Every structure is written in structure tokens, then in C-alpha cells.
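Below is one structure, written out as C-alpha cells; the observations come after it.
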Amino acid sequence: MVLSELNLKQEERNWLDLPSDVTANILNRIGMVDILENAQKVCTAWRKICKDPTMWRVINMNHLRRAIPEVSGDKMCKHAVDRSQGQLVDITIVSTCDAELHLYVADRSSQLRRLEMAHQFFFGKLTTVALMKFPLLEELNLYEIRISKEEIETVGCYCPMLKTLKVNQRGYIGSLTRYNEIAMAIGQNLLGIRHLELIGNKMTNVGLRVILDNCHHLETLDLRECFRIDLKGDLGKQCSKQIKYLKLPNDSLEDYPYIYVTKSEYFDYYYGIPMTLT
């Protein structure tokens with residue numbers, strides 16, 4: 001085949017001839033922003049696919065690379081949640097208004113199985129009422145988000161399928177979390193937990209022992225930057241024997257996400273290019 005014939009065949013290719021499920025699979029890979037800002041505007045067929053609730057079963061605000069002050073990331077996230085029409089099963093929220101957005105998601109997403117929340121500056125907040133609305137939740141990941149003993153009790157009561165919990169507070173001195181309160185609440189209320197991250201927690205050996213003595217299904221335990229615990233004696237032996245995958249207080253934090261050096265860097269990252277919703 002000569003080069004001119006090959007070019008002609010390429011020019012004749014029509015992407016609209018792809019089956020709708022194949023097109024949906026491709027569009028799902030480009031992220032929330034590109035779907036809302038670009039893909040759905042290409043043609044009627046693509047717009048129909050982009051408005052299908054199954055396209056919004058997974059929402060990741062990390063795809064919200066740049067937004068403008070007029071249309072905040074939170075507003076775009078709410079728009080995506082509305083499009084899911086209750087079919088949302090997995091959401092990652094990166095926000096400075098987490099409590100309000102948390103409740104918005106909870107009121108519309110009873111099928112949710114994975115919730116990840118990250119706050120960029122200091123600490124964000126959960127909403128107890130929202131935690132009561134996730135009966136199918138299996139994974140709860142919190143980064144720089146405050147959680148109280150009462151909220152853990154709520155999770156234990158209303159999220160019976162929870163298997164993974166991450167309560168990570170890296171790099172902050174003087175956390176509002178009391179030394180052993182969170183650890184003891186986990187040990188007393190989340191007996192079926194299998195994967196636990198407590199990076200930066202200020203618990204002592206007392207709190208850690210409550211977890212080990214009660215969470216018999218625990219396989220993964222991340223204790224990075226938990227500098228108040230001492231694993232040199234029997235407690236360390238218990239960890240090694242009981243936990244299949246163990247990370248120690250001084251282990252590397254190279255893979256820790258969601259850290260921005262300055263507030264200006266954060267806003268430059270998320271609010272640099274004009275965007276509009278349609």
C-alpha cells in the first residue's frame with residue numbers, strides 16, 4: 001500500500017462509528033474536567049454518553065487540575081455527583097470545604113463503597129450525619145481531615161462493611177487528636193478492619209495494644225511518624241507476628257500524597273485556567 005492510500009484511509013476513519021461502550025471506556029480515562037469541558041461538546045452522541053450516570057460511578061477530584069474562581073472545584077464535583085444519579089461508588093474529594101461537600105455526596109450516594117477525602121491546609125472536617133448514610137462503605141481514606149472518637153463510633157455502627165481505614169495527619173505538630181483516643185476508638189469499634197493507616201498519630205503503646213488485641217483480622221498496619229510508640233519489646237513482637245504488612249515510624253513517606261508547600265501553590269495548581277460548566 002502506497003503512502004497516499006494509507007493517509008486516505010486514516011482520513012476516512014470516523015470515531016463516531018465506535019460502539020458506545022468502547023467510546024465510554026475511552027472517555028472515562030480522560031478525567032472529569034476534560035469530559036465536562038471538552039468531550040461532551042464534540043457531538044450529540046458523545047454528549048449522550050457523557051451524561052450517562054454509569055460514566056460517573058467513579059469521581060476523582062485529582063483530575064480537577066485547574067479550575068477558575070468563578071467555577072470552583074467543589075461546584076464541578078457536585079455537578080458530577082448529580083450526573084451519577086445515585087450510582088456513585090467511588091469518590092476522591094480534594095477540597096477546602098470538605099464538610100459541606102461530604103454531606104452533599106452523602107445525601108445522593110447511598111451506594112458509595114470508597115470515600116477518600118483530603119484537605120490541603122491544616123485540617124478539614126467530617127460530618128457525622130453524612131457518615132450515617134454510607135451502609136455499603138468499604139474504604140475510608142482521610143488525609144489532613146480531623147476525625148473524632150464519636151465519628152469512629154458512628155462508622156463502626158453505620159458502616160459494617162468497612163475493611164480499610166486511613167487516618168493520616170502528616171507533618172503537623174500539636175494535633176487536636178488526643179494521644180490514644182482515636183486508636184482506642186478504632187480498637188473498640190472497628191473489629192473487622194483489615195487495612196489501617198495511622199500516619200502521624202500521637203498514640204502511645206496503650207492505644208496500639210488496644211488495636212492489636214481487638215482487631216484480629218488486621219493484615220496491614222501503617223505506623224509511619226507514630227513516634228510515641230516503642231516497638232522494641234513485646235509489642236513489637238506482637239506486631240511482627242500478627243501483622244502481615246507493617247510500616248514502622250521511621251519508614252519513608254515518599255509515597256504520601258496531597259502535600260502542597262504553600263497556599264499560593266495550591267491555588268495556582270487548581271485555579272489557573274478559565275473553565276465553564278454547561
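Going through the C-alpha cells in order, the chains are called A, B, and so on, while each chain numbers its residues from 1 and the ligands are numbered from 1 in the order shown.
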
- Task: Please identify all polymer residues within 8 Å of Asn250 (chain A), counting only C-alpha atoms, omitting same-chain residues fewer than 2 positions from it, and present them as a ChimeraX atom specification.
- Result: /A:224-225,248,252

- Query: Skipping near chain neighbours, those fewer than 4 positions away, what residues fall within 9 Å of region 158-160 of chain A using only C-alpha atoms, listed as a PyMOL selection string?
  - Reply: chain A and resi 131-138+153-154+190+192

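Picture a line from CA of Asp74 (chain A) to CA of Ile199 (chain A); it runs 26.6 Å.
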
- Item | Within 9 Å of Leu212 (chain A) using only C-alpha atoms, minus same-chain residues under 5 positions, as a list of chain:residue names |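 The contact residues come out as A:Gly187, A:Gly207, A:Leu218, A:Gln238, A:Cys239, A:Gln242, A:Ile243.
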
- Could you tell me how far CA of Val81 (chain A) lies from CA of Glu144 (chain A), in Å and to one decimal?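 Interatomic distance here is 22.9 Å.
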
- Would you return as a ChimeraX atom specification the members of region 9-241 of chain A that DSSP assigns to strand (DSSP E or B) on this structure's backbone? /A:58-60,90-94,114-118,124-125,139-143,145-146,164-168,195-197,220-222

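If you look at CA of Thr128 (chain A) and CA of Gln87 (chain A), they are 22.0 Å away from each other.
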
- Item | Shell around Val58 (chain A) at 7 Å using only C-alpha atoms, local window under 2 positions removed, as a list in words | Trp56, Asn60, Leu88, Val89, Asp90 and Ile91 of chain A

- Message: Residues of region 11-253 of chain A classed as alpha helix (DSSP H) by DSSP on the backbone are to be reported as a PyMOL selection string.
- Response: chain A and resi 11-12+20-28+32-37+44-50+73-84+98-106+128-131+149-158+181-189+205-214+234-242

- Task: Find the residues around Ile30 (chain A) up to 12 Å (only C-alpha atoms counted), leave out those fewer than 2 positions away in its own chain, and share them as a list in words.
- Result: Thr23, Ala24, Asn25, Ile26, Leu27, Asn28, Met32, Val33, Asp34, Ile35, Leu36, Glu37, Asn38, Ala39, Gln40, Cys50, Met55, Ile59, Asn60, Asn62, His63, Leu64 and Arg65 of chain A

Would you output that residue set with N, CA and C atoms, as a CSV table (one decimal), in the first residue's frame?
```
chain,number,residue,atom,x,y,z
A,23,THR,N,-16.4,3.8,23.3
A,23,THR,CA,-16.3,5.3,23.4
A,23,THR,C,-16.3,5.7,24.9
A,24,ALA,N,-17.3,5.1,25.6
A,24,ALA,CA,-17.4,5.4,27.1
A,24,ALA,C,-16.1,5.0,27.8
A,25,ASN,N,-15.5,3.9,27.4
A,25,ASN,CA,-14.3,3.4,28.1
A,25,ASN,C,-13.2,4.4,27.8
A,26,ILE,N,-13.1,4.9,26.6
A,26,ILE,CA,-12.0,5.9,26.3
A,26,ILE,C,-12.3,7.2,27.0
A,27,LEU,N,-13.5,7.7,27.0
A,27,LEU,CA,-13.8,8.9,27.7
A,27,LEU,C,-13.6,8.9,29.2
A,28,ASN,N,-13.8,7.7,29.8
A,28,ASN,CA,-13.6,7.5,31.2
A,28,ASN,C,-12.2,7.7,31.6
A,32,MET,N,-12.6,13.9,34.8
A,32,MET,CA,-13.8,14.7,35.0
A,32,MET,C,-13.7,16.0,34.2
A,33,VAL,N,-12.6,16.8,34.3
A,33,VAL,CA,-12.6,18.1,33.7
A,33,VAL,C,-12.7,18.0,32.2
A,34,ASP,N,-11.9,17.1,31.6
A,34,ASP,CA,-12.0,17.1,30.1
A,34,ASP,C,-13.3,16.6,29.6
A,35,ILE,N,-14.0,15.7,30.4
A,35,ILE,CA,-15.3,15.3,30.0
A,35,ILE,C,-16.3,16.5,30.0
A,36,LEU,N,-16.3,17.2,31.1
A,36,LEU,CA,-17.2,18.3,31.2
A,36,LEU,C,-16.9,19.5,30.3
A,37,GLU,N,-15.6,19.8,30.1
A,37,GLU,CA,-15.2,21.0,29.4
A,37,GLU,C,-15.0,20.7,27.9
A,38,ASN,N,-14.7,19.5,27.5
A,38,ASN,CA,-14.4,19.3,26.1
A,38,ASN,C,-15.2,18.1,25.4
A,39,ALA,N,-15.0,16.9,25.9
A,39,ALA,CA,-15.6,15.8,25.3
A,39,ALA,C,-17.1,15.9,25.0
A,40,GLN,N,-17.8,16.3,26.0
A,40,GLN,CA,-19.3,16.3,25.8
A,40,GLN,C,-19.7,17.4,24.8
A,50,CYS,N,-21.6,11.1,27.8
A,50,CYS,CA,-21.1,11.8,28.9
A,50,CYS,C,-22.1,12.1,30.0
A,55,MET,N,-21.2,6.7,33.7
A,55,MET,CA,-19.9,7.4,33.4
A,55,MET,C,-19.4,8.0,34.7
A,59,ILE,N,-15.6,9.2,40.7
A,59,ILE,CA,-15.3,10.6,40.6
A,59,ILE,C,-14.0,10.9,41.3
A,60,ASN,N,-13.1,11.5,40.7
A,60,ASN,CA,-11.8,11.8,41.3
A,60,ASN,C,-11.4,13.3,41.1
A,62,ASN,N,-8.8,14.7,41.9
A,62,ASN,CA,-7.5,14.9,41.5
A,62,ASN,C,-7.3,15.2,40.0
A,63,HIS,N,-8.4,14.8,39.2
A,63,HIS,CA,-8.4,15.1,37.8
A,63,HIS,C,-8.7,16.6,37.6
A,64,LEU,N,-9.2,17.3,38.6
A,64,LEU,CA,-9.5,18.7,38.5
A,64,LEU,C,-8.2,19.5,38.6
A,65,ARG,N,-7.4,19.4,37.6
A,65,ARG,CA,-6.1,20.0,37.6
A,65,ARG,C,-6.1,21.5,37.8
```

- Query: Of the candidates A:Ser109, A:Asn180, A:Ser148, A:Ser240, which shows the shortest atom-to-atom distance to Asn205 (chain A), using only C-alpha atoms?
  - Reply: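 Ranked by minimum distance to Asn205 (chain A), first place goes to A:Asn180.
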
- Find the spatial neighbours of Val206 (chain A), counting only C-alpha atoms, within a cut-off of 12 Å - ignore same-chain residues fewer than 6 positions away - and output them as a PyMOL selection string. chain A and resi 179-184+187+212-213+228-231+235

Generate a file of the selected residues that holds N, CA, C and O atoms, formatted as a PDB file, in the first residue's frame.
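Okay, out04.pdb is ready:
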```
ATOM      1  N   TYR A 179      -3.934  11.715  72.503  1.00  0.00           N
ATOM      2  CA  TYR A 179      -2.913  10.699  72.294  1.00  0.00           C
ATOM      3  C   TYR A 179      -3.468   9.336  71.881  1.00  0.00           C
ATOM      4  O   TYR A 179      -3.108   8.783  70.856  1.00  0.00           O
ATOM      5  N   ASN A 180      -4.326   8.746  72.664  1.00  0.00           N
ATOM      6  CA  ASN A 180      -4.771   7.383  72.387  1.00  0.00           C
ATOM      7  C   ASN A 180      -6.251   7.290  72.022  1.00  0.00           C
ATOM      8  O   ASN A 180      -6.759   6.198  71.791  1.00  0.00           O
ATOM      9  N   GLU A 181      -6.915   8.428  71.951  1.00  0.00           N
ATOM     10  CA  GLU A 181      -8.361   8.430  71.764  1.00  0.00           C
ATOM     11  C   GLU A 181      -8.782   7.764  70.459  1.00  0.00           C
ATOM     12  O   GLU A 181      -9.680   6.911  70.437  1.00  0.00           O
ATOM     13  N   ILE A 182      -8.133   8.147  69.367  1.00  0.00           N
ATOM     14  CA  ILE A 182      -8.509   7.604  68.066  1.00  0.00           C
ATOM     15  C   ILE A 182      -8.170   6.124  67.982  1.00  0.00           C
ATOM     16  O   ILE A 182      -8.969   5.297  67.527  1.00  0.00           O
ATOM     17  N   ALA A 183      -6.967   5.759  68.433  1.00  0.00           N
ATOM     18  CA  ALA A 183      -6.544   4.357  68.377  1.00  0.00           C
ATOM     19  C   ALA A 183      -7.474   3.467  69.188  1.00  0.00           C
ATOM     20  O   ALA A 183      -7.874   2.381  68.737  1.00  0.00           O
ATOM     21  N   MET A 184      -7.836   3.901  70.366  1.00  0.00           N
ATOM     22  CA  MET A 184      -8.715   3.095  71.210  1.00  0.00           C
ATOM     23  C   MET A 184     -10.118   2.996  70.610  1.00  0.00           C
ATOM     24  O   MET A 184     -10.759   1.943  70.683  1.00  0.00           O
ATOM     25  N   GLY A 187      -9.932   0.390  67.930  1.00  0.00           N
ATOM     26  CA  GLY A 187      -9.854  -0.946  68.511  1.00  0.00           C
ATOM     27  C   GLY A 187     -11.153  -1.417  69.126  1.00  0.00           C
ATOM     28  O   GLY A 187     -11.442  -2.616  69.160  1.00  0.00           O
ATOM     29  N   LEU A 212      -4.338  -3.957  68.425  1.00  0.00           N
ATOM     30  CA  LEU A 212      -3.842  -5.315  68.172  1.00  0.00           C
ATOM     31  C   LEU A 212      -4.646  -6.375  68.914  1.00  0.00           C
ATOM     32  O   LEU A 212      -4.886  -7.469  68.398  1.00  0.00           O
ATOM     33  N   ASP A 213      -5.090  -6.052  70.123  1.00  0.00           N
ATOM     34  CA  ASP A 213      -5.820  -7.030  70.936  1.00  0.00           C
ATOM     35  C   ASP A 213      -7.249  -7.257  70.456  1.00  0.00           C
ATOM     36  O   ASP A 213      -7.849  -8.287  70.767  1.00  0.00           O
ATOM     37  N   ARG A 228       5.475   8.181  69.156  1.00  0.00           N
ATOM     38  CA  ARG A 228       5.276   7.969  70.589  1.00  0.00           C
ATOM     39  C   ARG A 228       5.157   6.494  70.960  1.00  0.00           C
ATOM     40  O   ARG A 228       4.987   6.170  72.128  1.00  0.00           O
ATOM     41  N   ILE A 229       5.203   5.627  69.971  1.00  0.00           N
ATOM     42  CA  ILE A 229       5.141   4.203  70.286  1.00  0.00           C
ATOM     43  C   ILE A 229       6.558   3.623  70.340  1.00  0.00           C
ATOM     44  O   ILE A 229       7.483   4.134  69.699  1.00  0.00           O
ATOM     45  N   ASP A 230       6.717   2.557  71.108  1.00  0.00           N
ATOM     46  CA  ASP A 230       8.014   1.883  71.278  1.00  0.00           C
ATOM     47  C   ASP A 230       7.828   0.408  70.930  1.00  0.00           C
ATOM     48  O   ASP A 230       7.139  -0.326  71.642  1.00  0.00           O
ATOM     49  N   LEU A 231       8.448  -0.013  69.835  1.00  0.00           N
ATOM     50  CA  LEU A 231       8.264  -1.375  69.348  1.00  0.00           C
ATOM     51  C   LEU A 231       9.460  -2.275  69.653  1.00  0.00           C
ATOM     52  O   LEU A 231       9.617  -3.333  69.040  1.00  0.00           O
ATOM     53  N   LEU A 235       5.545  -5.612  72.426  1.00  0.00           N
ATOM     54  CA  LEU A 235       4.584  -5.042  71.484  1.00  0.00           C
ATOM     55  C   LEU A 235       5.098  -5.148  70.053  1.00  0.00           C
ATOM     56  O   LEU A 235       4.333  -5.441  69.126  1.00  0.00           O
TER      57      LEU A 235
END
```
